[in-house]
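entry-v7.cif, holding mmCIF, C-alpha atoms:
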```
data_target
loop_
_atom_site.label_atom_id
_atom_site.label_comp_id
_atom_site.auth_asym_id
_atom_site.auth_seq_id
_atom_site.Cartn_x
_atom_site.Cartn_y
_atom_site.Cartn_z
CA MET A 1 104.27 -55.21 143.78
CA SER A 2 107.91 -54.25 143.27
CA ILE A 3 108.62 -50.81 141.85
CA GLY A 4 111.46 -48.94 140.17
CA PRO A 5 113.25 -47.35 138.49
CA ILE A 6 112.10 -43.73 138.56
CA SER A 7 110.57 -42.78 135.23
CA LEU A 8 109.21 -39.24 135.63
CA VAL A 9 109.17 -36.34 138.05
CA THR A 10 106.16 -34.06 137.51
CA ILE A 11 106.39 -30.33 138.27
CA LEU A 12 103.85 -27.54 137.78
CA SER A 13 105.29 -24.51 136.00
CA PRO A 14 104.10 -21.20 134.54
CA GLU A 15 107.24 -21.12 132.37
CA LEU A 16 107.57 -24.35 130.39
CA ASP A 17 110.21 -23.14 127.93
CA GLN A 18 112.49 -21.68 130.60
CA SER A 19 112.11 -24.72 132.86
CA VAL A 20 112.97 -27.15 130.08
CA ALA A 21 115.91 -25.05 128.88
CA MET A 22 117.48 -25.07 132.34
CA TYR A 23 117.64 -28.87 132.49
CA GLN A 24 118.80 -29.06 128.88
CA LYS A 25 121.65 -26.64 129.53
CA ALA A 26 122.63 -28.26 132.82
CA PHE A 27 122.69 -31.90 131.66
CA GLU A 28 122.24 -31.88 127.86
CA TRP A 29 118.91 -33.61 128.31
CA GLN A 30 116.64 -33.94 125.29
CA VAL A 31 112.99 -33.02 124.88
CA ALA A 32 111.09 -36.32 124.89
CA SER A 33 107.61 -34.97 124.21
CA VAL A 34 106.09 -31.55 123.54
CA ASN A 35 102.57 -30.30 124.19
CA PRO A 36 100.69 -33.54 124.80
CA GLN A 37 97.81 -32.32 126.91
CA ILE A 38 96.83 -33.83 130.23
CA THR A 39 93.84 -36.03 129.48
CA PRO A 40 90.61 -35.79 131.48
CA GLU A 41 91.27 -39.36 132.66
CA GLN A 42 94.72 -38.43 133.99
CA ALA A 43 93.41 -35.30 135.69
CA GLN A 44 90.59 -37.23 137.31
CA ARG A 45 92.93 -39.98 138.49
CA TRP A 46 95.18 -37.37 140.12
CA GLY A 47 92.26 -35.46 141.65
CA ALA A 48 93.33 -32.42 139.62
CA ASN A 49 90.46 -31.76 137.24
CA LYS A 50 91.58 -28.20 136.44
CA LEU A 51 94.68 -29.61 134.74
CA ALA A 52 92.67 -31.42 132.06
CA GLY A 53 93.86 -30.06 128.73
CA ALA A 54 96.98 -28.43 130.21
CA PRO A 55 100.01 -28.58 127.88
CA THR A 56 103.12 -30.43 129.01
CA VAL A 57 106.76 -30.79 128.02
CA THR A 58 108.97 -33.68 129.11
CA VAL A 59 112.76 -33.44 129.10
CA ALA A 60 114.85 -36.53 129.84
CA GLY A 61 118.33 -37.95 130.20
CA ILE A 62 119.57 -41.53 129.85
CA ASN A 63 117.25 -42.68 132.61
CA GLY A 64 114.37 -40.65 134.01
CA GLY A 65 112.96 -37.29 133.05
CA VAL A 66 110.98 -34.28 134.22
CA ARG A 67 107.45 -33.57 133.00
CA PHE A 68 106.46 -29.92 133.31
CA ILE A 69 102.73 -29.13 133.31
CA GLN A 70 101.58 -25.62 132.41
CA SER A 71 99.85 -23.91 135.34
CA GLN A 72 99.39 -20.24 136.16
CA GLU A 73 97.25 -20.65 139.28
CA HIS A 74 99.48 -22.49 141.75
CA GLN A 75 101.59 -20.92 144.50
CA THR A 76 105.24 -21.90 144.07
CA PRO A 77 106.63 -23.22 147.38
CA VAL A 78 109.87 -22.03 148.94
CA PRO A 79 112.38 -24.86 148.37
CA LEU A 80 112.68 -27.25 151.35
CA LYS A 81 110.21 -25.27 153.47
CA THR A 82 107.23 -27.59 152.93
CA PHE A 83 106.29 -31.26 153.27
CA GLY A 84 106.02 -33.49 150.21
CA TRP A 85 108.38 -34.39 147.38
CA SER A 86 111.23 -31.94 147.79
CA ALA A 87 114.03 -32.95 145.44
CA LEU A 88 115.20 -34.98 142.48
CA GLU A 89 118.75 -36.27 142.52
CA VAL A 90 120.83 -36.63 139.36
CA CYS A 91 124.03 -38.69 139.30
CA VAL A 92 127.00 -37.33 137.37
CA ASP A 93 130.63 -38.19 136.72
CA ASP A 94 131.92 -34.72 137.72
CA VAL A 95 129.89 -32.88 140.35
CA PHE A 96 131.88 -29.65 140.12
CA PHE A 97 131.53 -29.43 136.33
CA TYR A 98 127.78 -30.05 136.37
CA THR A 99 127.13 -27.79 139.34
CA ASP A 100 128.81 -24.94 137.47
CA ARG A 101 126.73 -25.73 134.38
CA ALA A 102 123.52 -25.78 136.42
CA ILE A 103 124.27 -22.38 137.95
CA LYS A 104 124.93 -20.94 134.48
CA ALA A 105 121.64 -22.51 133.33
CA GLY A 106 119.72 -20.56 135.97
CA PHE A 107 119.61 -22.78 139.04
CA THR A 108 120.33 -21.14 142.41
CA LEU A 109 123.06 -22.71 144.51
CA LEU A 110 121.84 -23.70 147.98
CA ASN A 111 124.88 -25.69 149.09
CA GLU A 112 128.21 -26.18 147.33
CA PRO A 113 129.51 -29.68 146.48
CA VAL A 114 130.58 -31.48 149.66
CA ALA A 115 131.08 -35.08 150.75
CA LEU A 116 127.89 -36.47 152.25
CA SER A 117 128.00 -37.66 155.83
CA GLY A 118 127.30 -41.15 157.09
CA SER A 119 126.63 -42.01 160.70
CA ASP A 120 130.32 -42.14 161.58
CA LYS A 121 132.29 -41.27 158.43
CA PRO A 122 131.87 -39.58 155.03
CA LEU A 123 130.09 -41.53 152.32
CA PRO A 124 131.58 -42.10 148.83
CA LEU A 125 129.27 -39.37 147.51
CA ILE A 126 129.86 -35.70 146.72
CA ALA A 127 126.68 -33.66 146.26
CA ALA A 128 125.53 -30.11 145.66
CA GLN A 129 122.00 -28.82 146.13
CA LEU A 130 120.40 -26.17 143.93
CA ALA A 131 116.93 -24.67 143.57
CA GLY A 132 114.95 -24.59 140.35
CA ILE A 133 112.43 -21.89 139.47
CA ASN A 134 109.38 -24.00 140.33
CA GLY A 135 110.05 -24.76 143.98
CA GLU A 136 111.96 -27.97 143.29
CA VAL A 137 115.41 -28.77 144.64
CA LEU A 138 118.03 -30.43 142.45
CA TYR A 139 120.72 -32.62 143.98
CA ILE A 140 123.73 -33.15 141.73
CA THR A 141 125.67 -36.15 143.03
CA GLN A 142 128.90 -37.85 142.05
CA ILE A 143 129.13 -41.49 143.14
CA LEU A 144 132.78 -42.28 143.85
CA ASP A 145 132.46 -45.93 144.85
CA GLU A 146 130.00 -48.65 145.81
CA MET A 147 127.71 -47.73 148.71
CA PRO A 148 127.28 -50.34 151.45
CA ASN A 149 123.73 -51.75 151.40
CA PHE A 150 122.78 -49.68 148.32
CA GLU A 151 122.50 -50.45 144.61
CA LEU A 152 123.32 -47.23 142.74
CA PRO A 153 124.04 -46.39 139.07
CA ASN A 154 127.41 -46.56 137.37
CA VAL A 155 128.05 -42.88 136.67
CA LYS A 156 130.50 -43.72 133.89
CA LYS A 157 127.55 -45.13 131.92
CA GLU A 158 124.58 -43.22 133.33
CA SER A 159 125.84 -39.70 134.04
CA GLY A 160 122.92 -37.29 133.97
CA SER A 161 120.30 -39.80 135.14
CA ILE A 162 117.71 -39.33 137.88
CA PHE A 163 118.40 -41.97 140.52
CA ILE A 164 116.83 -40.70 143.77
CA CYS A 165 113.79 -38.64 144.73
CA VAL A 166 113.65 -37.06 148.17
CA LEU A 167 110.46 -36.99 150.22
CA GLY A 168 110.30 -34.32 152.92
CA ALA A 169 108.14 -35.92 155.60
CA SER A 170 106.22 -34.59 158.57
CA ASP A 171 106.46 -38.14 160.00
CA LEU A 172 109.29 -40.20 158.51
CA GLU A 173 108.09 -43.49 159.94
CA ALA A 174 104.53 -43.04 158.66
CA SER A 175 105.71 -42.29 155.12
CA ARG A 176 108.22 -45.14 155.19
CA LYS A 177 105.61 -47.60 156.46
CA VAL A 178 103.34 -46.94 153.48
CA LEU A 179 106.18 -47.60 151.03
CA GLU A 180 107.62 -50.61 152.83
CA GLU A 181 104.31 -52.34 153.43
CA GLY A 182 102.74 -51.36 150.11
CA PHE A 183 105.65 -52.27 147.84
CA GLY A 184 108.04 -54.38 149.91
CA LEU A 185 110.86 -51.86 149.55
CA ARG A 186 114.10 -52.77 151.27
CA ARG A 187 115.32 -50.34 153.91
CA ALA A 188 118.85 -49.38 152.89
CA SER A 189 119.53 -46.85 155.67
CA ASP A 190 118.15 -45.06 158.72
CA ARG A 191 120.45 -42.56 160.34
CA HIS A 192 120.83 -39.11 161.89
CA VAL A 193 123.19 -36.85 159.94
CA ALA A 194 123.95 -33.18 159.53
CA ILE A 195 122.08 -32.20 156.36
CA LYS A 196 123.82 -28.92 155.63
CA VAL A 197 121.34 -27.67 153.05
CA LEU A 198 118.44 -28.05 155.52
CA ASN A 199 120.42 -26.29 158.21
CA LYS A 200 121.21 -23.41 155.85
CA VAL A 201 117.61 -23.04 154.66
CA TYR A 202 116.29 -23.07 158.24
CA ASP A 203 119.15 -20.94 159.62
CA LYS A 204 120.28 -23.66 162.03
CA PRO A 205 123.80 -24.59 163.16
CA LEU A 206 125.47 -26.55 160.37
CA THR A 207 126.16 -29.41 162.78
CA ASP A 208 122.48 -29.99 163.65
CA THR A 209 121.43 -33.51 162.68
CA HIS A 210 118.29 -34.72 160.94
CA ARG A 211 116.91 -38.21 160.50
CA LEU A 212 116.79 -39.70 157.03
CA SER A 213 115.98 -43.15 155.72
CA SER A 214 116.48 -44.54 152.22
CA LEU A 215 114.50 -47.28 150.49
CA GLN A 216 115.92 -49.27 147.59
CA LEU A 217 113.99 -49.33 144.30
CA ASN A 218 114.52 -51.61 141.34
CA GLY A 219 116.80 -50.26 138.62
CA ARG A 220 119.50 -49.09 141.05
CA ASN A 221 117.32 -46.18 142.18
CA ALA A 222 116.07 -45.16 145.62
CA ILE A 223 113.67 -42.99 147.58
CA GLU A 224 115.14 -40.92 150.41
CA ILE A 225 112.81 -39.82 153.20
CA ASP A 226 113.94 -36.82 155.26
CA GLN A 227 112.33 -35.95 158.57
CA MET A 228 111.69 -32.26 158.02
CA PRO A 229 112.34 -29.63 160.70
CA ALA A 230 109.43 -28.66 162.92
CA GLU A 231 109.22 -25.29 161.14
CA ALA A 232 108.20 -26.90 157.82
CA VAL A 233 104.59 -26.39 156.73
CA ASN A 234 102.02 -28.04 154.49
CA ARG A 235 102.17 -27.10 150.83
CA VAL A 236 99.37 -24.82 149.59
CA VAL A 237 97.32 -26.87 147.12
CA LYS A 238 94.56 -25.08 145.22
CA ASP A 239 91.33 -26.90 144.40
CA GLY A 240 91.57 -28.89 141.20
CA LEU A 241 95.38 -28.73 141.00
CA LEU A 242 98.30 -30.90 142.01
CA PRO A 243 100.65 -29.82 144.79
CA PRO A 244 103.12 -27.22 143.48
CA GLY A 245 106.82 -27.95 143.33
CA ILE A 246 107.39 -31.65 142.69
CA SER A 247 103.85 -33.01 142.50
CA ILE A 248 104.26 -36.63 141.43
CA VAL A 249 107.06 -39.17 141.20
CA SER A 250 106.30 -41.86 138.61
CA VAL A 251 108.00 -45.25 138.87
CA VAL A 252 107.84 -48.38 136.77
CA GLY A 253 105.87 -51.19 138.39
CA GLN A 254 104.49 -54.65 137.79
CA SER A 255 101.09 -53.45 136.67
CA ASP A 256 99.13 -53.49 133.42
CA GLN A 257 97.63 -50.05 134.05
CA GLU A 258 98.59 -46.70 135.55
CA ILE A 259 98.00 -46.49 139.30
CA PHE A 260 98.03 -43.31 141.37
CA LEU A 261 98.09 -42.98 145.13
CA LYS A 262 98.75 -40.22 147.60
CA LEU A 263 101.45 -40.80 150.18
CA PRO A 264 101.36 -38.91 153.49
CA ASP A 265 101.81 -35.13 153.13
CA GLY A 266 100.04 -35.20 149.77
CA ALA A 267 102.99 -36.61 147.82
CA GLY A 268 101.77 -38.25 144.62
CA LEU A 269 103.18 -41.64 143.60
CA GLU A 270 102.32 -42.97 140.15
CA ILE A 271 102.96 -46.56 139.08
CA LEU A 272 103.50 -46.93 135.33
CA PRO A 273 103.11 -50.27 133.50
CA HIS A 274 106.31 -52.15 132.76
CA ASN A 275 106.83 -52.23 129.00
#
```
File written out as C-alpha cells:
Amino acid sequence: MSIGPISLVTILSPELDQSVAMYQKAFEWQVASVNPQITPEQAQRWGANKLAGAPTVTVAGINGGVRFIQSQEHQTPVPLKTFGWSALEVCVDDVFFYTDRAIKAGFTLLNEPVALSGSDKPLPLIAAQLAGINGEVLYITQILDEMPNFELPNVKKESGSIFICVLGASDLEASRKVLEEGFGLRRASDRHVAIKVLNKVYDKPLTDTHRLSSLQLNGRNAIEIDQMPAEAVNRVVKDGLLPPGISIVSVVGQSDQEIFLKLPDGAGLEILPHN
C-alpha cells in the first residue's frame, strides 16, 4: 500500500483555544472542524479508551492540518527529549517572516533560521525550529530549489502546508524498516549531519553529528527519521490515553477504511481512505 500525503497531525492539549490560535496567527490557517468528539470506535482503535467523547478542534492550511484533542491528564513532554513523533514541518515562502510571526503567536524559538546541512554541502533549505505549548516541535522551512532525490512542494503555491513529519527514533533502522517494508516507501536520504537544534537541546557541541534518514511519501511529502541522542527517554503514556506531544500522524492511503498501527517507540500512524 502506498501512502501520502500527510493529512493530520494529532496532538493532546489541555488548551484547545490557545493551541489553535497559535497556528492561526502563525500561518493564517483556518479552523476546519470544531468540537466533533472522539468516537468510542476511534478511541478503541487507538487503544485510548479514555479519550472517547473528548472534544477536538482541527486547524488546517492548504495541505495538512493539526487536530487537537482535549486532555487534562497527560504529562506534556519536553520538546525533543523523548522518542516518538517529535515535529511537524511546514513549508513557507519566507522563513524569516513566518518565524517572526510564530514567535509573536506564542511559539518558543529553539533555533533561528539557518541553512540545513547535507553530507558535504548546505542544502537548498532554510529552516527554523520552535516549540509549541503541547510538547510538539514546529519546523518552519523555506525550500529554495529542487532537492536531489526528493519530491517537495512548490512553496509559491503551497506556502503554509505541512510537508514533513519527524520521527525521533531509539533505533532508526528498526523504525525505517517498518515503513519501508510495510508501505514500500522510497529511501530519499541517509546521512550524518550536525542537527543544531538537537545539539542545543542536549547541550552538545554544535558540530556533533546525528544520523537521519528521509522516506518519500506520495503528494510531495516525506517522513524524516532522526536517531535520537542516547539521553532521550520513552514518553510517559498514561493508561487509556495516546502518547502526549504529537500522538498520531495520519496519511492518505489506498484503503477503504481507517487503519491504525503503532510504529516503534509508540508512534501512531493512521491510514485514511483516499477520497
Would you mind listing, for every residue of region 15-81 of chain A within 9 Å of region 149-170 of chain A, the two atoms forming the shortest contact and the distance between them in Å to one decimal, using all atoms listed in the file, sorted by chain and ascending residue number, as a Markdown table?
```
| residue | atom | partner | partner_atom | distance |
| --- | --- | --- | --- | --- |
| A:Phe27 | CA | A:Gly160 | CA | 5.9 |
| A:Glu28 | CA | A:Gly160 | CA | 8.2 |
| A:Trp29 | CA | A:Gly160 | CA | 7.9 |
| A:Ala60 | CA | A:Ser161 | CA | 8.3 |
| A:Gly61 | CA | A:Ser161 | CA | 5.6 |
| A:Ile62 | CA | A:Ser161 | CA | 5.6 |
| A:Asn63 | CA | A:Ser161 | CA | 4.9 |
| A:Gly64 | CA | A:Ile162 | CA | 5.3 |
| A:Gly65 | CA | A:Ile162 | CA | 7.1 |
| A:Leu80 | CA | A:Gly168 | CA | 7.6 |
```
Checklist line | 12 Å contact set for Pro148 (chain A), all atoms listed in the file, chain neighbours under 4 positions out, as a list in words | finding: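 My reading of the contact set: Gly118, Leu123, Pro124, Leu125, Leu152, Ala188 and Ser189 of chain A.
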Item checked: Å distance separating CA of Leu16 (chain A) from CA of Val237 (chain A), one decimal place ->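 That distance, rounded to one decimal, is 19.8 Å.
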Check: So, counting all atoms listed in the file, which residue among A:Ile271, A:Pro36, A:Phe83, A:Lys238 is closest to Ser250 (chain A)?
Finding: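 Closest to Ser250 (chain A), using all atoms listed in the file: A:Ile271.
Each of A:Glu258, A:Arg45, A:Val193, A:Ile246 was checked against Leu116 (chain A) using all atoms listed in the file; the smallest atom-to-atom distance is that of A:Val193.
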Checklist line | the PyMOL selection byres ((chain A and resi 67) around 7) resolved against shown file, as a VMD selection string | finding: chain A and resid 8 to 11 56 to 59 65 to 66 68 to 69
Checklist line | Atom pair CA of Phe107 (chain A) / CA of Ala131 (chain A): separation (Å) | finding: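 Separating CA of Phe107 (chain A) from CA of Ala131 (chain A) is a distance of 5.6 Å.
Once the PyMOL selection byres ((chain A and resi 265) around 10) is applied to this file, the selection holds Thr82, Phe83, Gly84, Trp85, Leu167, Gly168, Ala169, Ser170, Asp171, Ser175, Val233, Asn234, Arg235, Pro243, Lys262, Leu263, Pro264, Gly266, Ala267 and Gly268 of chain A.
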Provide an axis-aligned box for all listed atoms of region 225-243 of chain A, padding each side by 4 Å; report its centre and its edge lengths in Å to one decimal, as lines of an AutoDock Vina configuration file.
```
center_x = 102.6
center_y = -32.3
center_z = 152.0
size_x = 30.6
size_y = 23.0
size_z = 29.9
```
Check: In Å, with one decimal, what is the gap from CA of Lys177 (chain A) to CA of Ile248 (chain A)?
Finding: 18.7 Å
Next item on the list: Rank nothing, just name the residue among A:Gly53, A:Pro79, A:Gly253, A:Gly240 nearest to Asn218 (chain A), using only C-alpha atoms.
Entry: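 Closest candidate: A:Gly253.
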Notebook entry, point to check: Do you know which residues the PyMOL selection byres ((chain A and resi 139) around 6) returns on this file, as a PyMOL selection string?
Noted result: chain A and resi 89+128-129+138+140
Notebook entry, point to check: When distances are computed from all atoms listed in the file, which of A:Asp239, A:Glu270, A:Asp256, A:Glu41 shows the smallest separation from His74 (chain A)?
Noted result: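 Distance minimum relative to His74 (chain A) lands on A:Asp239.
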Checklist line | Residue among A:Ile259, A:Ile143, A:Val137, A:Leu241 lying closest to Ala43 (chain A), counting only C-alpha atoms | finding: A:Leu241
Checklist line | Near-Thr209 (chain A) list (7 Å; all atoms listed in the file; drop same-chain fewer than 4 positions) as a ChimeraX atom specification | finding: /A:192-195
Note to self: Considering all atoms listed in the file, can you say which of A:Arg191, A:Ile38, A:Trp46, A:Val201 comes closest to Gln227 (chain A)?
What the structure shows: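 Smallest separation from Gln227 (chain A) among the options: A:Arg191.
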Can you tell me, as a PDB file with C-alpha atoms, keeping the file's coordinate frame, what residues are no more than 10 Å from Val114 (chain A) when counting only C-alpha atoms, ignoring any on the same chain fewer than 6 positions away?
```pdb
ATOM      1  CA  VAL A  95     129.890 -32.880 140.350  1.00  0.00           C
ATOM      2  CA  PHE A  96     131.880 -29.650 140.120  1.00  0.00           C
ATOM      3  CA  PRO A 122     131.870 -39.580 155.030  1.00  0.00           C
ATOM      4  CA  LEU A 125     129.270 -39.370 147.510  1.00  0.00           C
ATOM      5  CA  ILE A 126     129.860 -35.700 146.720  1.00  0.00           C
ATOM      6  CA  ALA A 127     126.680 -33.660 146.260  1.00  0.00           C
ATOM      7  CA  ALA A 128     125.530 -30.110 145.660  1.00  0.00           C
ATOM      8  CA  GLN A 129     122.000 -28.820 146.130  1.00  0.00           C
ATOM      9  CA  THR A 141     125.670 -36.150 143.030  1.00  0.00           C
ATOM     10  CA  LYS A 196     123.820 -28.920 155.630  1.00  0.00           C
TER      11      LYS A 196
END
```
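The shell of residues at most 6 Å from Pro14 (chain A), with all atoms listed in the file counted and near chain neighbours (fewer than 3 positions) removed, consists of Gln70, Ser71 and Gln72 of chain A.
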Checklist line | Shell of 10 Å around Gln18 (chain A), all atoms listed in the file, local chain residues under 6 positions omitted, as a PyMOL selection string | finding: chain A and resi 24+105-106+133
